[in-house]
file model-v2.cif (mmCIF, C-alpha atoms)
data_data
#
loop_
_atom_site.label_atom_id
_atom_site.label_comp_id
_atom_site.auth_asym_id
_atom_site.auth_seq_id
_atom_site.Cartn_x
_atom_site.Cartn_y
_atom_site.Cartn_z
CA MET A 1 -0.60 -40.55 19.08
CA ILE A 2 0.61 -40.24 15.51
CA ALA A 3 1.54 -36.70 14.71
CA PRO A 4 1.67 -35.75 11.05
CA LEU A 5 5.24 -35.42 9.80
CA LEU A 6 4.78 -31.77 8.82
CA ALA A 7 2.17 -29.74 10.65
CA PHE A 8 2.53 -26.06 9.85
CA THR A 9 0.35 -23.53 11.59
CA LEU A 10 -0.16 -19.85 10.98
CA HIS A 11 -0.91 -17.54 13.88
CA LEU A 12 -2.03 -13.94 14.12
CA GLU A 13 1.37 -12.83 15.40
CA GLU A 14 3.20 -14.10 12.32
CA VAL A 15 0.92 -12.21 9.95
CA LEU A 16 1.26 -9.08 12.07
CA VAL A 17 5.05 -9.33 11.95
CA VAL A 18 4.93 -9.59 8.15
CA GLY A 19 2.68 -6.51 8.11
CA ALA A 20 5.07 -4.69 10.45
CA ALA A 21 8.03 -5.52 8.20
CA LEU A 22 6.15 -4.24 5.15
CA PHE A 23 5.25 -1.07 7.05
CA ALA A 24 8.85 -0.48 8.11
CA ILE A 25 10.10 -0.89 4.53
CA GLY A 26 7.41 1.52 3.34
CA LEU A 27 8.37 4.02 6.02
CA TYR A 28 12.02 3.84 5.00
CA VAL A 29 11.15 4.32 1.32
CA ALA A 30 8.79 7.22 2.06
CA LEU A 31 11.31 9.03 4.26
CA SER A 32 14.47 8.46 2.24
CA LYS A 33 13.62 8.66 -1.47
CA ARG A 34 14.52 11.78 -3.41
CA ASN A 35 11.94 11.42 -6.20
CA ALA A 36 8.41 12.39 -5.15
CA ILE A 37 7.02 9.36 -6.99
CA GLY A 38 9.39 7.17 -4.94
CA VAL A 39 8.04 8.75 -1.76
CA LEU A 40 4.52 7.94 -2.93
CA MET A 41 5.55 4.31 -3.48
CA GLY A 42 6.60 4.17 0.16
CA VAL A 43 3.23 5.53 1.24
CA GLU A 44 1.46 2.88 -0.85
CA LEU A 45 3.61 0.17 0.77
CA MET A 46 2.60 1.42 4.22
CA LEU A 47 -1.08 1.41 3.26
CA ASN A 48 -0.73 -2.18 2.04
CA ALA A 49 0.89 -3.15 5.33
CA VAL A 50 -2.05 -1.62 7.18
CA ASN A 51 -4.43 -3.63 5.02
CA VAL A 52 -2.56 -6.87 5.77
CA THR A 53 -2.87 -6.06 9.47
CA LEU A 54 -6.58 -5.21 9.23
CA LEU A 55 -7.35 -8.43 7.38
CA ALA A 56 -5.29 -10.47 9.84
CA PHE A 57 -7.30 -9.06 12.73
CA SER A 58 -10.51 -9.64 10.80
CA ARG A 59 -9.55 -13.28 10.29
CA PHE A 60 -8.16 -14.21 13.70
CA ILE A 61 -9.65 -11.99 16.42
CA GLU A 62 -12.77 -12.83 18.40
CA SER A 63 -15.47 -10.36 17.36
CA GLU A 64 -19.20 -9.86 16.94
CA GLN A 65 -18.79 -8.61 13.36
CA PRO A 66 -15.54 -10.09 12.07
CA LEU A 67 -16.18 -8.88 8.52
CA ASP A 68 -15.84 -5.22 9.54
CA GLY A 69 -12.07 -5.46 9.12
CA GLN A 70 -12.57 -6.22 5.46
CA VAL A 71 -14.94 -3.26 5.11
CA PHE A 72 -12.19 -1.06 6.57
CA ALA A 73 -9.66 -2.54 4.15
CA VAL A 74 -11.86 -1.62 1.18
CA PHE A 75 -12.16 1.94 2.50
CA VAL A 76 -8.39 2.12 2.90
CA ILE A 77 -7.94 1.00 -0.72
CA THR A 78 -10.48 3.63 -1.86
CA VAL A 79 -8.77 6.47 -0.03
CA ALA A 80 -5.35 5.25 -1.20
CA ALA A 81 -6.52 5.32 -4.81
CA ALA A 82 -7.78 8.89 -4.41
CA GLU A 83 -4.55 9.89 -2.70
CA ALA A 84 -2.41 8.33 -5.43
CA ALA A 85 -4.36 10.11 -8.18
CA VAL A 86 -4.03 13.53 -6.54
CA ALA A 87 -0.39 13.03 -5.51
CA LEU A 88 0.69 11.95 -8.98
CA ALA A 89 -1.24 14.83 -10.52
CA LEU A 90 0.61 17.16 -8.14
CA ALA A 91 3.93 15.63 -9.19
CA VAL A 92 3.13 16.14 -12.87
CA ALA A 93 1.92 19.71 -12.21
CA ILE A 94 5.10 20.58 -10.31
CA TYR A 95 7.20 19.00 -13.06
CA LYS A 96 5.56 21.25 -15.64
CA HIS A 97 6.77 24.33 -13.81
CA ARG A 98 10.11 23.21 -12.40
CA GLU A 99 11.35 20.30 -14.57
CA THR A 100 12.01 18.24 -11.45
CA VAL A 101 10.09 16.13 -8.94
CA ASN A 102 12.97 15.83 -6.45
CA ILE A 103 11.64 16.71 -3.03
CA ASP A 104 14.90 18.36 -1.97
CA GLU A 105 14.75 20.76 -4.93
CA ILE A 106 11.11 21.77 -4.43
CA ASP A 107 11.68 24.38 -1.72
CA LEU A 108 9.22 27.04 -2.84
CA LEU A 109 7.65 27.28 0.63
CA ARG A 110 10.94 27.42 2.54
CA TRP A 111 11.70 30.75 4.21
CA MET B 1 -4.87 -20.25 13.80
CA ILE B 2 -4.71 -21.71 10.31
CA ALA B 3 -3.55 -25.33 10.34
CA GLU B 4 -3.72 -26.45 6.70
CA ASN B 5 -0.17 -27.13 5.51
CA GLY B 6 -0.73 -25.89 1.95
CA ILE B 7 -2.23 -22.60 3.04
CA VAL B 8 0.55 -21.94 5.54
CA ILE B 9 3.25 -22.68 2.94
CA ALA B 10 1.43 -20.44 0.45
CA PHE B 11 1.32 -17.66 3.02
CA TRP B 12 5.05 -17.80 3.67
CA LEU B 13 5.88 -17.92 -0.04
CA LEU B 14 3.63 -14.91 -0.63
CA ALA B 15 5.04 -13.09 2.38
CA ALA B 16 8.59 -13.70 1.13
CA THR B 17 7.62 -12.44 -2.35
CA THR B 18 5.92 -9.35 -0.94
CA ILE B 19 8.69 -8.37 1.44
CA GLY B 20 11.42 -9.23 -1.08
CA CYS B 21 9.79 -7.06 -3.74
CA ALA B 22 9.24 -4.27 -1.21
CA LEU B 23 12.95 -4.41 -0.40
CA MET B 24 13.71 -4.24 -4.12
CA VAL B 25 11.55 -1.10 -4.37
CA ALA B 26 13.94 0.45 -1.86
CA ALA B 27 17.08 -1.06 -3.42
CA VAL B 28 16.83 -0.82 -7.23
CA ARG B 29 18.49 2.18 -8.82
CA GLU B 30 15.97 2.72 -11.61
CA LEU B 31 12.60 4.30 -10.86
CA VAL B 32 10.74 2.36 -13.57
CA GLN B 33 11.99 -0.94 -12.13
CA ALA B 34 10.91 0.23 -8.68
CA VAL B 35 7.37 0.75 -10.02
CA LEU B 36 7.38 -2.77 -11.48
CA PHE B 37 8.56 -4.27 -8.18
CA LEU B 38 5.85 -2.26 -6.44
CA ALA B 39 3.26 -3.89 -8.71
CA LEU B 40 4.65 -7.32 -7.75
CA THR B 41 4.40 -6.31 -4.08
CA PHE B 42 0.74 -5.48 -4.61
CA VAL B 43 0.10 -8.87 -6.22
CA GLY B 44 1.88 -10.65 -3.35
CA ALA B 45 -0.20 -8.71 -0.84
CA ALA B 46 -3.35 -9.74 -2.74
CA GLY B 47 -2.25 -13.36 -2.33
CA MET B 48 -1.87 -12.83 1.41
CA TYR B 49 -5.38 -11.38 1.51
CA ILE B 50 -6.68 -14.59 -0.07
CA VAL B 51 -4.88 -16.65 2.59
CA LEU B 52 -6.60 -14.47 5.20
CA SER B 53 -9.91 -15.43 3.48
CA ALA B 54 -10.58 -11.92 2.15
CA ASP B 55 -11.39 -12.88 -1.43
CA PHE B 56 -13.26 -9.70 -2.38
CA VAL B 57 -10.55 -7.42 -0.95
CA ALA B 58 -7.94 -9.43 -2.86
CA VAL B 59 -9.79 -8.89 -6.14
CA VAL B 60 -10.18 -5.18 -5.38
CA GLN B 61 -6.46 -5.04 -4.56
CA VAL B 62 -5.50 -6.55 -7.91
CA LEU B 63 -7.91 -4.29 -9.81
CA ILE B 64 -7.07 -1.02 -8.08
CA TYR B 65 -3.50 -1.40 -6.88
CA ALA B 66 -1.86 -3.82 -9.29
CA GLY B 67 -3.97 -2.47 -12.14
CA ALA B 68 -4.77 1.20 -11.72
CA VAL B 69 -2.25 2.60 -9.24
CA SER B 70 0.74 0.87 -10.89
CA VAL B 71 -0.29 2.17 -14.31
CA LEU B 72 -0.83 5.63 -12.82
CA MET B 73 2.66 5.55 -11.33
CA THR B 74 4.21 4.33 -14.57
CA PHE B 75 2.48 7.22 -16.34
CA ALA B 76 3.72 9.68 -13.74
CA VAL B 77 7.29 8.42 -14.24
CA MET B 78 6.94 8.58 -18.02
CA LEU B 79 5.41 12.09 -17.92
CA THR B 80 8.40 13.45 -16.02
CA PRO B 81 11.17 12.53 -18.48
CA ALA B 82 13.73 15.15 -17.47
CA ALA B 83 13.41 14.31 -13.76
CA ASP B 84 16.00 12.33 -11.84
CA ARG B 85 15.12 8.64 -12.26
CA ARG B 86 17.97 7.11 -10.29
CA ASN B 87 15.68 6.31 -7.35
CA SER B 88 18.34 7.80 -5.10
CA GLU B 89 18.10 8.75 -1.43
CA THR B 90 18.18 12.15 0.24
CA VAL B 91 20.45 13.04 3.14
CA PHE B 92 17.81 11.52 5.42
CA GLN B 93 18.67 7.95 4.42
CA VAL B 94 20.37 6.96 7.68
CA PRO B 95 17.81 8.63 10.01
CA ALA B 96 15.03 7.02 7.94
CA LEU B 97 16.70 3.62 8.27
CA VAL B 98 17.06 4.06 12.03
CA LEU B 99 13.47 5.24 12.43
CA ALA B 100 12.10 2.39 10.30
CA GLY B 101 14.14 -0.11 12.34
CA LEU B 102 12.83 1.35 15.60
CA VAL B 103 9.23 1.27 14.35
CA LEU B 104 9.69 -2.36 13.28
CA ALA B 105 11.17 -3.28 16.67
CA VAL B 106 8.33 -1.61 18.58
CA LEU B 107 5.64 -3.18 16.38
CA VAL B 108 7.16 -6.66 16.67
CA PHE B 109 7.55 -6.28 20.44
CA VAL B 110 3.94 -5.11 20.88
CA THR B 111 2.70 -7.90 18.60
CA LEU B 112 4.47 -10.61 20.57
CA ASP B 113 3.80 -9.08 23.97
CA THR B 114 0.04 -8.56 23.64
CA ASP B 115 -2.38 -11.25 24.70
CA TRP B 116 -4.70 -11.27 21.68
CA ALA B 117 -8.32 -12.44 21.97
CA ILE B 118 -7.90 -15.19 19.39
CA SER B 119 -11.01 -16.76 17.88
CA ASP B 120 -10.97 -20.28 16.45
CA ARG B 121 -13.61 -19.37 13.87
CA ALA B 122 -13.35 -21.08 10.49
CA ALA B 123 -12.41 -19.16 7.36
CA PHE B 124 -15.08 -16.86 5.92
CA SER B 125 -17.00 -18.30 3.03
CA ALA B 126 -17.37 -16.04 -0.03
CA THR B 127 -17.38 -12.52 1.40
CA ALA B 128 -18.59 -10.36 -1.50
CA ALA B 129 -22.31 -10.64 -0.64
CA SER B 130 -21.84 -9.92 3.07
CA LEU B 131 -19.49 -7.04 2.29
CA GLY B 132 -22.03 -5.53 -0.09
CA GLU B 133 -24.66 -5.76 2.60
CA ALA B 134 -22.31 -4.14 5.11
CA PHE B 135 -21.59 -1.27 2.70
CA LEU B 136 -25.23 -0.52 2.04
CA LYS B 137 -26.56 -1.03 5.56
CA PRO B 138 -24.36 -0.06 8.56
CA TYR B 139 -21.63 1.65 6.52
CA VAL B 140 -23.75 3.49 3.99
CA VAL B 141 -22.66 6.97 5.15
CA PRO B 142 -18.90 6.27 4.93
CA PHE B 143 -19.61 4.55 1.62
CA GLU B 144 -21.22 7.69 0.20
CA VAL B 145 -18.48 9.88 1.66
CA ALA B 146 -15.93 7.67 -0.08
CA SER B 147 -17.80 8.15 -3.35
CA VAL B 148 -17.68 11.92 -2.91
CA LEU B 149 -13.98 11.68 -2.03
CA LEU B 150 -13.23 9.75 -5.23
CA MET B 151 -15.22 12.31 -7.22
CA VAL B 152 -13.31 15.20 -5.64
CA ALA B 153 -9.98 13.44 -6.20
CA MET B 154 -10.82 12.83 -9.85
CA ILE B 155 -11.80 16.47 -10.44
CA GLY B 156 -8.76 17.62 -8.49
CA ALA B 157 -6.41 15.46 -10.55
CA ILE B 158 -7.92 16.77 -13.79
CA VAL B 159 -7.67 20.40 -12.66
CA LEU B 160 -4.08 19.96 -11.44
CA THR B 161 -2.81 18.41 -14.66
CA GLN B 162 -4.74 20.76 -16.91
CA GLU B 163 -2.64 22.78 -19.33
CA ASP B 164 -2.68 26.31 -17.89
CA GLU B 165 -3.00 29.28 -20.24
CA PRO B 166 -0.83 28.49 -23.29
CA PRO B 167 0.84 31.89 -24.14
CA PRO B 168 3.38 31.97 -21.24
CA ARG B 169 4.21 28.30 -21.84
CA ARG B 170 5.09 28.96 -25.50
CA GLN B 171 7.80 31.45 -24.54
CA GLU B 172 9.75 28.75 -22.74
CA GLY B 173 10.47 27.13 -26.08
CA GLU B 174 8.34 23.98 -25.88
#
call {"tool": "encode", "arguments": {"input": "model-v2.cif", "output": "structure tokens"}}
result
Amino acid sequence: MIAPLLAFTLHLEEVLVVGAALFAIGLYVALSKRNAIGVLMGVELMLNAVNVTLLAFSRFIESEQPLDGQVFAVFVITVAAAEAAVALALAVAIYKHRETVNIDEIDLLRW
Amino acid sequence: MIAENGIVIAFWLLAATTIGCALMVAAVRELVQAVLFLALTFVGAAGMYIVLSADFVAVVQVLIYAGAVSVLMTFAVMLTPAADRRNSETVFQVPALVLAGLVLAVLVFVTLDTDWAISDRAAFSATAASLGEAFLKPYVVPFEVASVLLMVAMIGAIVLTQEDEPPPRRQEGE
């Protein structure tokens, strides 16, 4: 039997690990950044990681309707776009009143 | 399982780009550069979607994320000129690092430990038509709800950024 010299394969687990790594980076960014826009970047990274995972399942897992994962991914993108618009509008609105978007300086609701 | 050499190499190159740029988002010390690296991350993720035979989602990703959301974030950075742009961390940096590491460890463990019901189905052919059908037949209610959500978000963003009554603003010397 003649095996090809280079036979790479890609499995579900490898894609999921990439998604998990992206999610962990996003989580770190979202929890640690001082600028509210930086925090939002972390959230967007996490949403992208979720999309990678959804599409990996859609591609590799045995299912009656395998395309549903892609439908979910489109919904995730839609909601993420809405969330980004509102969050950035909030950041700009807060900046107008307080001249800062640092989350550790916005303590209006602290008692 | 995907067995074509070219596709597998492309996936790993794209994965390296995506994760590298995501790390740069966390590492660079300038918020504008972080936004640019975030845009690159989005493009890399779109490439991974293509490898996973999600062509329509990849196009949507480039349009909405790499196009709209990146521009929106750049605008948000530019509209807050006096804010701190050093992309610095709060006191929660170390706990966040620990938590992210733990989450990564758990996810990787679960991924490798689970016995997935793998299908050996071939890649999807062009998905846009089937996705459109799915949106307008079984998923029509969530589809309409998403439309309403986008509408509400748009109105909300406009209301939030609206200039509130000018007289008190003038006194602050703008």
call {"tool": "closest_residue", "arguments": {"input": "model-v2.cif", "among": "A:Phe8, A:Ala30, A:Val15, A:Ile106", "to": "chain B", "atoms": "only C-alpha atoms"}}
result
A:Phe8
call {"tool": "resolve_selection", "arguments": {"input": "model-v2.cif", "expression": "the PyMOL selection byres ((chain B and resi 158) around 12)", "output": "list in words"}}
result
Ala85, Val86, Ala87, Leu88, Ala89, Leu90, Val92 and Ala93 of chain A; Met151, Val152, Ala153, Met154, Ile155, Gly156, Ala157, Val159, Leu160, Thr161, Gln162, Glu163 and Asp164 of chain B
call {"tool": "resolve_selection", "arguments": {"input": "model-v2.cif", "expression": "the PyMOL selection byres ((chain A and resi 58-63) around 12)", "output": "JSON, numbers by chain"}}
result
{"A": [10, 11, 12, 13, 14, 15, 16, 51, 52, 53, 54, 55, 56, 57, 64, 65, 66, 67, 68, 69, 70, 71, 72, 73], "B": [1, 2, 48, 49, 50, 51, 52, 53, 54, 55, 57, 115, 116, 117, 118, 119, 120, 121, 122, 123, 124, 125, 127]}
call {"tool": "write_last_selection", "arguments": {"input": "model-v2.cif", "atoms": "C-alpha atoms", "output": "short mmCIF file (atom, residue, chain, number, x, y, z; two decimals), in the coordinates of the input"}}
result
data_model
loop_
_atom_site.label_atom_id
_atom_site.label_comp_id
_atom_site.auth_asym_id
_atom_site.auth_seq_id
_atom_site.Cartn_x
_atom_site.Cartn_y
_atom_site.Cartn_z
CA LEU A 10 -0.16 -19.85 10.98
CA HIS A 11 -0.91 -17.54 13.88
CA LEU A 12 -2.03 -13.94 14.12
CA GLU A 13 1.37 -12.83 15.40
CA GLU A 14 3.20 -14.10 12.32
CA VAL A 15 0.92 -12.21 9.95
CA LEU A 16 1.26 -9.08 12.07
CA ASN A 51 -4.43 -3.63 5.02
CA VAL A 52 -2.56 -6.87 5.77
CA THR A 53 -2.87 -6.06 9.47
CA LEU A 54 -6.58 -5.21 9.23
CA LEU A 55 -7.35 -8.43 7.38
CA ALA A 56 -5.29 -10.47 9.84
CA PHE A 57 -7.30 -9.06 12.73
CA GLU A 64 -19.20 -9.86 16.94
CA GLN A 65 -18.79 -8.61 13.36
CA PRO A 66 -15.54 -10.09 12.07
CA LEU A 67 -16.18 -8.88 8.52
CA ASP A 68 -15.84 -5.22 9.54
CA GLY A 69 -12.07 -5.46 9.12
CA GLN A 70 -12.57 -6.22 5.46
CA VAL A 71 -14.94 -3.26 5.11
CA PHE A 72 -12.19 -1.06 6.57
CA ALA A 73 -9.66 -2.54 4.15
CA MET B 1 -4.87 -20.25 13.80
CA ILE B 2 -4.71 -21.71 10.31
CA MET B 48 -1.87 -12.83 1.41
CA TYR B 49 -5.38 -11.38 1.51
CA ILE B 50 -6.68 -14.59 -0.07
CA VAL B 51 -4.88 -16.65 2.59
CA LEU B 52 -6.60 -14.47 5.20
CA SER B 53 -9.91 -15.43 3.48
CA ALA B 54 -10.58 -11.92 2.15
CA ASP B 55 -11.39 -12.88 -1.43
CA VAL B 57 -10.55 -7.42 -0.95
CA ASP B 115 -2.38 -11.25 24.70
CA TRP B 116 -4.70 -11.27 21.68
CA ALA B 117 -8.32 -12.44 21.97
CA ILE B 118 -7.90 -15.19 19.39
CA SER B 119 -11.01 -16.76 17.88
CA ASP B 120 -10.97 -20.28 16.45
CA ARG B 121 -13.61 -19.37 13.87
CA ALA B 122 -13.35 -21.08 10.49
CA ALA B 123 -12.41 -19.16 7.36
CA PHE B 124 -15.08 -16.86 5.92
CA SER B 125 -17.00 -18.30 3.03
CA THR B 127 -17.38 -12.52 1.40
#
call {"tool": "residues_near_point", "arguments": {"input": "model-v2.cif", "point": "(-18.2, -5.3, 3.2)", "cutoff": "6 Å", "atoms": "all atoms listed in the file", "output": "list in words"}}
result
Val71 of chain A; Ser130, Leu131, Gly132, Ala134 and Phe135 of chain B
call {"tool": "closest_residue", "arguments": {"input": "model-v2.cif", "among": "B:Ala16, B:Leu31, B:Leu79, B:Ala39", "to": "Leu63 in chain B", "atoms": "all atoms listed in the file"}}
result
B:Ala39
call {"tool": "resolve_selection", "arguments": {"input": "model-v2.cif", "expression": "the PyMOL selection byres ((chain A and resi 35) around 8)", "output": "ChimeraX atom specification"}}
result
/A:33-34,36-39,101-103 /B:84-85,87-88
call {"tool": "atom_distance", "arguments": {"input": "model-v2.cif", "atom1": "CA of Phe92 in chain B", "atom2": "CA of Leu23 in chain B"}}
result
17.6 Å
call {"tool": "decode", "arguments": {"input": "model-v2.cif", "residues": "range 122-153 of chain B", "atoms": "N, CA and C atoms", "output": "short mmCIF file (atom, residue, chain, number, x, y, z; two decimals), in the first residue's frame"}}
result
data_model
loop_
_atom_site.label_atom_id
_atom_site.label_comp_id
_atom_site.auth_asym_id
_atom_site.auth_seq_id
_atom_site.Cartn_x
_atom_site.Cartn_y
_atom_site.Cartn_z
N ALA B 122 -20.08 14.71 2.84
CA ALA B 122 -19.19 15.59 2.06
C ALA B 122 -19.50 17.04 2.39
N ALA B 123 -18.62 17.94 1.92
CA ALA B 123 -18.84 19.36 2.17
C ALA B 123 -20.17 19.80 1.56
N PHE B 124 -20.79 20.82 2.17
CA PHE B 124 -22.01 21.37 1.59
C PHE B 124 -21.67 22.00 0.25
N SER B 125 -22.57 21.86 -0.71
CA SER B 125 -22.42 22.70 -1.90
C SER B 125 -23.00 24.07 -1.55
N ALA B 126 -22.98 25.01 -2.49
CA ALA B 126 -23.36 26.40 -2.19
C ALA B 126 -24.56 26.46 -1.26
N THR B 127 -24.40 27.18 -0.13
CA THR B 127 -25.40 27.10 0.94
C THR B 127 -26.40 28.23 0.92
N ALA B 128 -26.17 29.28 0.13
CA ALA B 128 -27.02 30.47 0.24
C ALA B 128 -28.49 30.14 -0.02
N ALA B 129 -28.77 29.33 -1.06
CA ALA B 129 -30.17 29.03 -1.40
C ALA B 129 -30.84 28.24 -0.28
N SER B 130 -30.15 27.21 0.23
CA SER B 130 -30.77 26.40 1.30
C SER B 130 -30.93 27.22 2.57
N LEU B 131 -29.98 28.13 2.84
CA LEU B 131 -30.11 28.97 4.03
C LEU B 131 -31.30 29.91 3.88
N GLY B 132 -31.47 30.48 2.70
CA GLY B 132 -32.61 31.36 2.48
C GLY B 132 -33.92 30.63 2.70
N GLU B 133 -33.97 29.39 2.21
CA GLU B 133 -35.17 28.60 2.42
C GLU B 133 -35.41 28.33 3.90
N ALA B 134 -34.30 28.02 4.61
CA ALA B 134 -34.44 27.75 6.05
C ALA B 134 -34.94 28.98 6.79
N PHE B 135 -34.46 30.17 6.39
CA PHE B 135 -34.87 31.39 7.07
C PHE B 135 -36.34 31.70 6.84
N LEU B 136 -36.84 31.39 5.66
CA LEU B 136 -38.22 31.78 5.36
C LEU B 136 -39.21 30.65 5.56
N LYS B 137 -38.72 29.45 5.90
CA LYS B 137 -39.68 28.38 6.21
C LYS B 137 -39.65 27.99 7.69
N PRO B 138 -38.73 27.15 8.16
CA PRO B 138 -38.82 26.75 9.58
C PRO B 138 -38.42 27.87 10.54
N TYR B 139 -37.56 28.79 10.12
CA TYR B 139 -37.03 29.79 11.05
C TYR B 139 -37.60 31.17 10.79
N VAL B 140 -38.83 31.23 10.26
CA VAL B 140 -39.33 32.55 9.86
C VAL B 140 -39.62 33.42 11.08
N VAL B 141 -40.07 32.80 12.20
CA VAL B 141 -40.37 33.62 13.39
C VAL B 141 -39.09 34.21 13.99
N PRO B 142 -38.04 33.39 14.26
CA PRO B 142 -36.80 34.01 14.72
C PRO B 142 -36.25 35.04 13.73
N PHE B 143 -36.45 34.78 12.46
CA PHE B 143 -35.97 35.72 11.43
C PHE B 143 -36.63 37.08 11.61
N GLU B 144 -37.97 37.06 11.80
CA GLU B 144 -38.68 38.33 11.97
C GLU B 144 -38.30 38.98 13.29
N VAL B 145 -38.13 38.16 14.34
CA VAL B 145 -37.72 38.72 15.63
C VAL B 145 -36.35 39.40 15.49
N ALA B 146 -35.46 38.77 14.72
CA ALA B 146 -34.15 39.37 14.52
C ALA B 146 -34.28 40.71 13.79
N SER B 147 -35.21 40.78 12.84
CA SER B 147 -35.42 42.05 12.15
C SER B 147 -35.87 43.13 13.13
N VAL B 148 -36.83 42.77 14.00
CA VAL B 148 -37.30 43.73 14.99
C VAL B 148 -36.16 44.15 15.91
N LEU B 149 -35.34 43.15 16.30
CA LEU B 149 -34.20 43.45 17.19
C LEU B 149 -33.26 44.45 16.53
N LEU B 150 -32.95 44.25 15.26
CA LEU B 150 -32.06 45.18 14.56
C LEU B 150 -32.66 46.57 14.51
N MET B 151 -33.97 46.62 14.25
CA MET B 151 -34.69 47.90 14.21
C MET B 151 -34.57 48.61 15.55
N VAL B 152 -34.87 47.85 16.64
CA VAL B 152 -34.81 48.43 17.98
C VAL B 152 -33.40 48.91 18.28
N ALA B 153 -32.39 48.09 17.92
CA ALA B 153 -31.01 48.47 18.20
C ALA B 153 -30.65 49.74 17.45
#
